[in-house]
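K.L.:
Contents of work-v2.pdb (PDB, C-alpha atoms, pLDDT in the B column):
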```
ATOM      1  CA  MET A   1     161.488 133.253 112.838  1.00 53.00           C
ATOM      2  CA  VAL A   2     162.571 134.471 109.396  1.00 51.00           C
ATOM      3  CA  HIS A   3     161.867 138.077 110.277  1.00 53.00           C
ATOM      4  CA  SER A   4     163.575 137.864 113.675  1.00 58.00           C
ATOM      5  CA  ILE A   5     166.749 136.383 112.143  1.00 59.00           C
ATOM      6  CA  THR A   6     166.902 139.078 109.473  1.00 53.00           C
ATOM      7  CA  PHE A   7     166.284 141.754 112.093  1.00 55.00           C
ATOM      8  CA  ARG A   8     169.135 140.448 114.274  1.00 62.00           C
ATOM      9  CA  VAL A   9     171.516 140.309 111.314  1.00 57.00           C
ATOM     10  CA  ALA A  10     170.571 143.653 109.763  1.00 57.00           C
ATOM     11  CA  PRO A  11     167.942 145.671 111.673  1.00 59.00           C
ATOM     12  CA  GLU A  12     167.876 148.299 108.927  1.00 62.00           C
ATOM     13  CA  HIS A  13     166.731 145.543 106.528  1.00 60.00           C
ATOM     14  CA  ALA A  14     164.086 143.900 108.731  1.00 64.00           C
ATOM     15  CA  ARG A  15     161.623 143.441 105.835  1.00 72.00           C
ATOM     16  CA  ASN A  16     164.249 141.923 103.569  1.00 79.00           C
ATOM     17  CA  ARG A  17     164.635 138.178 103.063  1.00 83.00           C
ATOM     18  CA  ALA A  18     167.696 136.207 103.970  1.00 86.00           C
ATOM     19  CA  ALA A  19     169.305 135.054 100.725  1.00 92.00           C
ATOM     20  CA  GLN A  20     172.276 133.368  99.070  1.00 95.00           C
ATOM     21  CA  ARG A  21     173.458 132.826  95.553  1.00 97.00           C
ATOM     22  CA  LEU A  22     172.444 129.297  94.542  1.00 97.00           C
ATOM     23  CA  THR A  23     176.069 128.267  94.036  1.00 97.00           C
ATOM     24  CA  ASP A  24     176.952 129.526  97.525  1.00 98.00           C
ATOM     25  CA  PHE A  25     173.967 127.742  99.071  1.00 97.00           C
ATOM     26  CA  LEU A  26     175.127 124.475  97.492  1.00 97.00           C
ATOM     27  CA  ALA A  27     178.716 125.035  98.695  1.00 97.00           C
ATOM     28  CA  ASP A  28     177.737 126.161 102.230  1.00 96.00           C
ATOM     29  CA  ARG A  29     179.234 129.627 101.686  1.00 96.00           C
ATOM     30  CA  VAL A  30     177.760 132.955 102.709  1.00 95.00           C
ATOM     31  CA  SER A  31     177.372 135.135  99.614  1.00 96.00           C
ATOM     32  CA  SER A  32     179.631 138.189  99.639  1.00 96.00           C
ATOM     33  CA  THR A  33     177.261 139.953  97.226  1.00 96.00           C
ATOM     34  CA  LEU A  34     173.795 139.260  95.856  1.00 95.00           C
ATOM     35  CA  PRO A  35     172.455 139.980  92.382  1.00 94.00           C
ATOM     36  CA  HIS A  36     169.274 142.028  92.064  1.00 91.00           C
ATOM     37  CA  THR A  37     166.110 140.030  92.801  1.00 88.00           C
ATOM     38  CA  SER A  38     162.452 140.659  92.031  1.00 85.00           C
ATOM     39  CA  TYR A  39     161.618 140.562  95.748  1.00 84.00           C
ATOM     40  CA  ILE A  40     160.745 144.231  96.276  1.00 83.00           C
ATOM     41  CA  PRO A  41     161.705 144.784  99.929  1.00 82.00           C
ATOM     42  CA  GLY A  42     165.107 143.319  99.071  1.00 84.00           C
ATOM     43  CA  ALA A  43     167.462 140.588 100.193  1.00 87.00           C
ATOM     44  CA  VAL A  44     170.290 140.426 102.692  1.00 87.00           C
ATOM     45  CA  SER A  45     173.090 137.860 102.553  1.00 91.00           C
ATOM     46  CA  TYR A  46     172.634 135.204 105.225  1.00 90.00           C
ATOM     47  CA  PRO A  47     173.119 131.400 105.328  1.00 92.00           C
ATOM     48  CA  VAL A  48     169.656 130.189 104.368  1.00 91.00           C
ATOM     49  CA  LYS A  49     170.395 126.723 105.791  1.00 92.00           C
ATOM     50  CA  ASP A  50     170.331 128.266 109.269  1.00 89.00           C
ATOM     51  CA  ILE A  51     166.677 129.128 108.718  1.00 86.00           C
ATOM     52  CA  LEU A  52     165.547 126.008 106.873  1.00 85.00           C
ATOM     53  CA  GLY A  53     167.190 123.393 109.061  1.00 86.00           C
ATOM     54  CA  PRO A  54     169.149 120.302 108.013  1.00 92.00           C
ATOM     55  CA  ALA A  55     166.364 118.139 106.539  1.00 93.00           C
ATOM     56  CA  ILE A  56     164.950 120.822 104.235  1.00 90.00           C
ATOM     57  CA  THR A  57     168.418 122.076 103.310  1.00 94.00           C
ATOM     58  CA  ARG A  58     169.527 118.551 102.352  1.00 96.00           C
ATOM     59  CA  ALA A  59     166.400 117.968 100.247  1.00 94.00           C
ATOM     60  CA  LEU A  60     166.768 121.299  98.446  1.00 94.00           C
ATOM     61  CA  LYS A  61     170.444 120.694  97.721  1.00 96.00           C
ATOM     62  CA  GLN A  62     169.663 117.268  96.266  1.00 96.00           C
ATOM     63  CA  GLY A  63     166.804 118.682  94.207  1.00 94.00           C
ATOM     64  CA  PHE A  64     168.803 121.648  92.903  1.00 95.00           C
ATOM     65  CA  ALA A  65     171.721 119.377  91.970  1.00 95.00           C
ATOM     66  CA  ALA A  66     169.443 116.881  90.187  1.00 94.00           C
ATOM     67  CA  PHE A  67     167.620 119.640  88.318  1.00 92.00           C
ATOM     68  CA  GLY A  68     170.946 121.237  87.398  1.00 93.00           C
ATOM     69  CA  LYS A  69     171.988 118.006  85.669  1.00 94.00           C
ATOM     70  CA  LYS A  70     168.812 118.072  83.560  1.00 93.00           C
ATOM     71  CA  MET A  71     168.696 121.770  82.700  1.00 91.00           C
ATOM     72  CA  LYS A  72     171.795 123.463  81.314  1.00 90.00           C
ATOM     73  CA  GLY A  73     172.442 126.832  82.926  1.00 91.00           C
ATOM     74  CA  TYR A  74     170.257 126.194  85.981  1.00 91.00           C
ATOM     75  CA  LEU A  75     173.139 126.096  88.466  1.00 93.00           C
ATOM     76  CA  THR A  76     174.454 129.632  88.185  1.00 94.00           C
ATOM     77  CA  ASP A  77     175.763 132.269  90.548  1.00 94.00           C
ATOM     78  CA  GLN A  78     173.045 134.598  89.249  1.00 95.00           C
ATOM     79  CA  ALA A  79     170.296 132.418  90.775  1.00 95.00           C
ATOM     80  CA  VAL A  80     169.265 133.433  94.289  1.00 95.00           C
ATOM     81  CA  VAL A  81     167.828 131.275  97.065  1.00 94.00           C
ATOM     82  CA  LEU A  82     165.517 133.414  99.221  1.00 89.00           C
ATOM     83  CA  ALA A  83     164.451 132.285 102.666  1.00 83.00           C
ATOM     84  CA  VAL A  84     160.831 131.379 103.060  1.00 76.00           C
ATOM     85  CA  GLU A  85     158.170 133.974 103.580  1.00 61.00           C
ATOM     86  CA  SER A  86     156.527 133.587 106.917  1.00 56.00           C
ATOM     87  CA  ARG A  87     152.871 132.704 106.724  1.00 54.00           C
ATOM     88  CA  THR A  88     149.983 133.600 108.903  1.00 57.00           C
ATOM     89  CA  SER A  89     146.641 131.914 108.705  1.00 61.00           C
ATOM     90  CA  SER A  90     143.372 133.729 108.521  1.00 66.00           C
ATOM     91  CA  PRO A  91     142.089 134.240 112.073  1.00 70.00           C
ATOM     92  CA  VAL A  92     138.661 133.063 110.929  1.00 80.00           C
ATOM     93  CA  ARG A  93     137.330 130.320 108.719  1.00 87.00           C
ATOM     94  CA  ILE A  94     134.142 131.066 106.825  1.00 93.00           C
ATOM     95  CA  PRO A  95     131.931 127.968 106.818  1.00 94.00           C
ATOM     96  CA  ARG A  96     131.369 126.160 103.534  1.00 94.00           C
ATOM     97  CA  ASP A  97     129.773 122.892 102.546  1.00 94.00           C
ATOM     98  CA  PRO A  98     132.511 120.377 101.683  1.00 91.00           C
ATOM     99  CA  GLY A  99     130.569 119.083  98.679  1.00 90.00           C
ATOM    100  CA  THR A 100     129.252 122.272  97.067  1.00 92.00           C
ATOM    101  CA  ARG A 101     131.857 124.611  98.607  1.00 93.00           C
ATOM    102  CA  MET A 102     129.020 127.098  99.164  1.00 92.00           C
ATOM    103  CA  HIS A 103     128.346 128.811 102.496  1.00 93.00           C
ATOM    104  CA  PRO A 104     125.689 126.724 104.290  1.00 94.00           C
ATOM    105  CA  ASP A 105     123.488 129.741 105.148  1.00 94.00           C
ATOM    106  CA  ILE A 106     124.165 132.271 102.375  1.00 92.00           C
ATOM    107  CA  HIS A 107     123.147 130.921  98.977  1.00 87.00           C
ATOM    108  CA  GLY A 108     125.597 131.861  96.252  1.00 88.00           C
ATOM    109  CA  LEU A 109     128.508 132.695  98.577  1.00 90.00           C
ATOM    110  CA  TYR A 110     131.529 130.528  97.840  1.00 92.00           C
ATOM    111  CA  PRO A 111     134.306 131.238 100.370  1.00 94.00           C
ATOM    112  CA  ALA A 112     137.692 130.594  98.793  1.00 93.00           C
ATOM    113  CA  GLY A 113     141.319 131.496  99.167  1.00 89.00           C
ATOM    114  CA  GLU A 114     143.423 132.851 101.970  1.00 83.00           C
ATOM    115  CA  GLY A 115     140.932 135.303 103.480  1.00 84.00           C
ATOM    116  CA  SER A 116     138.315 132.585 103.820  1.00 89.00           C
ATOM    117  CA  GLY A 117     140.625 130.495 105.990  1.00 86.00           C
ATOM    118  CA  TYR A 118     141.028 127.583 103.571  1.00 86.00           C
ATOM    119  CA  SER A 119     144.526 128.320 102.297  1.00 85.00           C
ATOM    120  CA  GLY A 120     147.610 130.160 103.371  1.00 78.00           C
ATOM    121  CA  GLY A 121     149.692 131.135 100.382  1.00 78.00           C
ATOM    122  CA  ILE A 122     149.733 131.871  96.687  1.00 82.00           C
ATOM    123  CA  ILE A 123     149.734 128.284  95.437  1.00 85.00           C
ATOM    124  CA  SER A 124     147.208 126.876  97.907  1.00 86.00           C
ATOM    125  CA  SER A 125     144.950 129.910  97.329  1.00 89.00           C
ATOM    126  CA  ALA A 126     145.141 129.446  93.567  1.00 91.00           C
ATOM    127  CA  LEU A 127     144.239 125.768  93.885  1.00 92.00           C
ATOM    128  CA  ASP A 128     141.412 126.495  96.317  1.00 92.00           C
ATOM    129  CA  GLY A 129     140.074 129.190  93.977  1.00 92.00           C
ATOM    130  CA  ARG A 130     140.271 126.907  90.958  1.00 93.00           C
ATOM    131  CA  ILE A 131     138.449 124.061  92.685  1.00 93.00           C
ATOM    132  CA  THR A 132     135.812 126.465  94.006  1.00 93.00           C
ATOM    133  CA  ALA A 133     135.355 128.045  90.555  1.00 92.00           C
ATOM    134  CA  LYS A 134     134.791 124.594  89.065  1.00 90.00           C
ATOM    135  CA  SER A 135     132.222 123.927  91.775  1.00 89.00           C
ATOM    136  CA  VAL A 136     130.433 127.185  90.960  1.00 89.00           C
ATOM    137  CA  ALA A 137     130.453 126.263  87.274  1.00 89.00           C
ATOM    138  CA  GLY A 138     129.079 122.802  88.065  1.00 84.00           C
ATOM    139  CA  MET A 139     132.156 120.969  86.863  1.00 63.00           C
ATOM    140  CA  PRO A 140     133.615 117.967  88.665  1.00 62.00           C
ATOM    141  CA  ASP A 141     136.563 118.672  90.945  1.00 57.00           C
ATOM    142  CA  PRO A 142     139.927 117.796  89.413  1.00 53.00           C
ATOM    143  CA  VAL A 143     141.874 114.954  90.921  1.00 53.00           C
ATOM    144  CA  LEU A 144     144.872 116.488  92.708  1.00 48.00           C
TER
END
```
Give the structure from this file in C-alpha cells form.

P.N.:
Amino acid sequence: MVHSITFRVAPEHARNRAAQRLTDFLADRVSSTLPHTSYIPGAVSYPVKDILGPAITRALKQGFAAFGKKMKGYLTDQAVVLAVESRTSSPVRIPRDPGTRMHPDIHGLYPAGEGSGYSGGIISSALDGRITAKSVAGMPDPVL
C-alpha cells in the first residue's frame, strides 16, 4: 500500500517514502518542503495520516505531543515523519526447537532473524538474535 500510494502521487519517486514535517503532521498540513532525511531513496511530501489511518494517526499525535512536553526541542519543523516501510515475511520458516532454539535435525544450527522466518524487521530481528545468542551461550532468556 505504501509503495502504491507513493507511485500514484509521484511515479518518478516510487521508492521514496511518503513524509511530512512533524509540525505539519500534528497540524494536518501537507508539507510544502521537506528537510533532508537519512532515508537514502528519499522522501516525497504526502499526508502520512492517509496511509496510517485514523487510529494510528491519533495515537502518534498524542504520543508526539506528550513527548514534546517532556523533551525541549522535540517538536520542530526539522523533524520528519516517514510513512512505514512495507514488510514482507520470509516465505519459509526454518524449524527450531522452542526451548533450545536449535534446529531439531541439524545440531549446532540456530535459525534466527528475518531470513529464518521468525521476525520481520530490524527490531524484531535484533530481539530474536539476542535471545538466540543467549540460548547458544547457555544463558537464561531475558524476560521481555

K.L.:
Applying 12 Å and only C-alpha atoms, which residues near Ala79 (chain A) remain after dropping the ones on its own chain fewer than 3 positions away? List them as a list in words.

P.N.:
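So the residues in contact are Ala19, Gln20, Arg21, Leu22, Thr23, Asp24, Phe25, Leu26, Ser31, Leu34, Pro35, His36, Thr37, Ser38, Phe64, Gly68, Gly73, Tyr74, Leu75, Thr76 and Leu82 of chain A.
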
K.L.:
Which distance in Å separates CA of Lys49 (chain A) and CA of Ile122 (chain A), to one decimal?

P.N.:
23.2 Å

K.L.:
Evaluate the PyMOL selection byres ((chain A and resi 99) around 12) here and jot the selected residues down as a ChimeraX atom specification.

P.N.:
/A:96-98,100-104,110,131-132,134-136,138,140-141

K.L.:
Of the candidates A:Ala43, A:Ala137, A:Ala112, A:Val92, which one gets nearest to Ser125 (chain A) if we count all atoms listed in the file?

P.N.:
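Of the candidates, the smallest distance to Ser125 (chain A) is held by A:Ala112.
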
K.L.:
Identify which of the residues A:Ala66, A:Ala55, A:Leu127, A:Val48 lies closest to Ala83 (chain A), counting all atoms listed in the file when measuring atom-to-atom distances.

P.N.:
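Using all atoms listed in the file, the shortest distance to Ala83 (chain A) belongs to A:Val48.
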
K.L.:
Name all residues at most 7 Å from Gly42 (chain A) (count only C-alpha atoms; drop same-chain ones fewer than 2 positions away) and give them as a list in words.

P.N.:
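In the requested format, the answer is Asn16, Arg17, Tyr39, Ile40 and Val44 of chain A.
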